[in-house]
Amino acid sequence: MANALEKYSKTKFKKDIVVDTEHYTPYIRKLGGEAKDIPFTIQLPWEQLNSWYQTKQSVLIEYSYVQILNAFLCKRYPTKIQERIKENLRKSCSRAAQKIIRTRGRKREDVLGKVTSFAVQQNELVTAQTVSVLQSNIV
């Protein structure tokens, strides 16, 4: 089934996932001075969230949304996200799918153009360097 996730990660969308160092989320504002521990924010288009929701219901049942996100991130960035945002990502995918189902025409295009942001903390990153260090400790 890993092939299914690999094939799906090659899907093209109108908007790509954006990894940005500019932080706009209310979570960042609430943190205040602790925001320095957040290296970047991931901006996910609702079009992708909806697609992930639909695909997870049928093809990628045993994968978490974080695993799907990591499959898309690994194409352009040498990093993976740990599971902290799992529940928020699931809710965002569900919310996007529900809103998109109820819209048509121009309003649907507006909804598909929306973006959800997730702040990623430094301690929840697994980089290629970390993986190689862990693998060398095992051997």
# chains A, B, ... in the order shown; residues from 1 in each chain; ligands from 1

$ residues_around --residues "Lys14 (chain A)" --least-positions-apart "4" --cutoff "10 Å" --atoms "only C-alpha atoms" --output "number ranges by chain"
A: 45, 47-48, 112-113

$ residues_around --residues "Lys91 (chain A)" --least-positions-apart "6" --cutoff "12 Å" --atoms "only C-alpha atoms" --output "ChimeraX atom specification"
/A:46,49-50,52-53,65,85,97-98,116
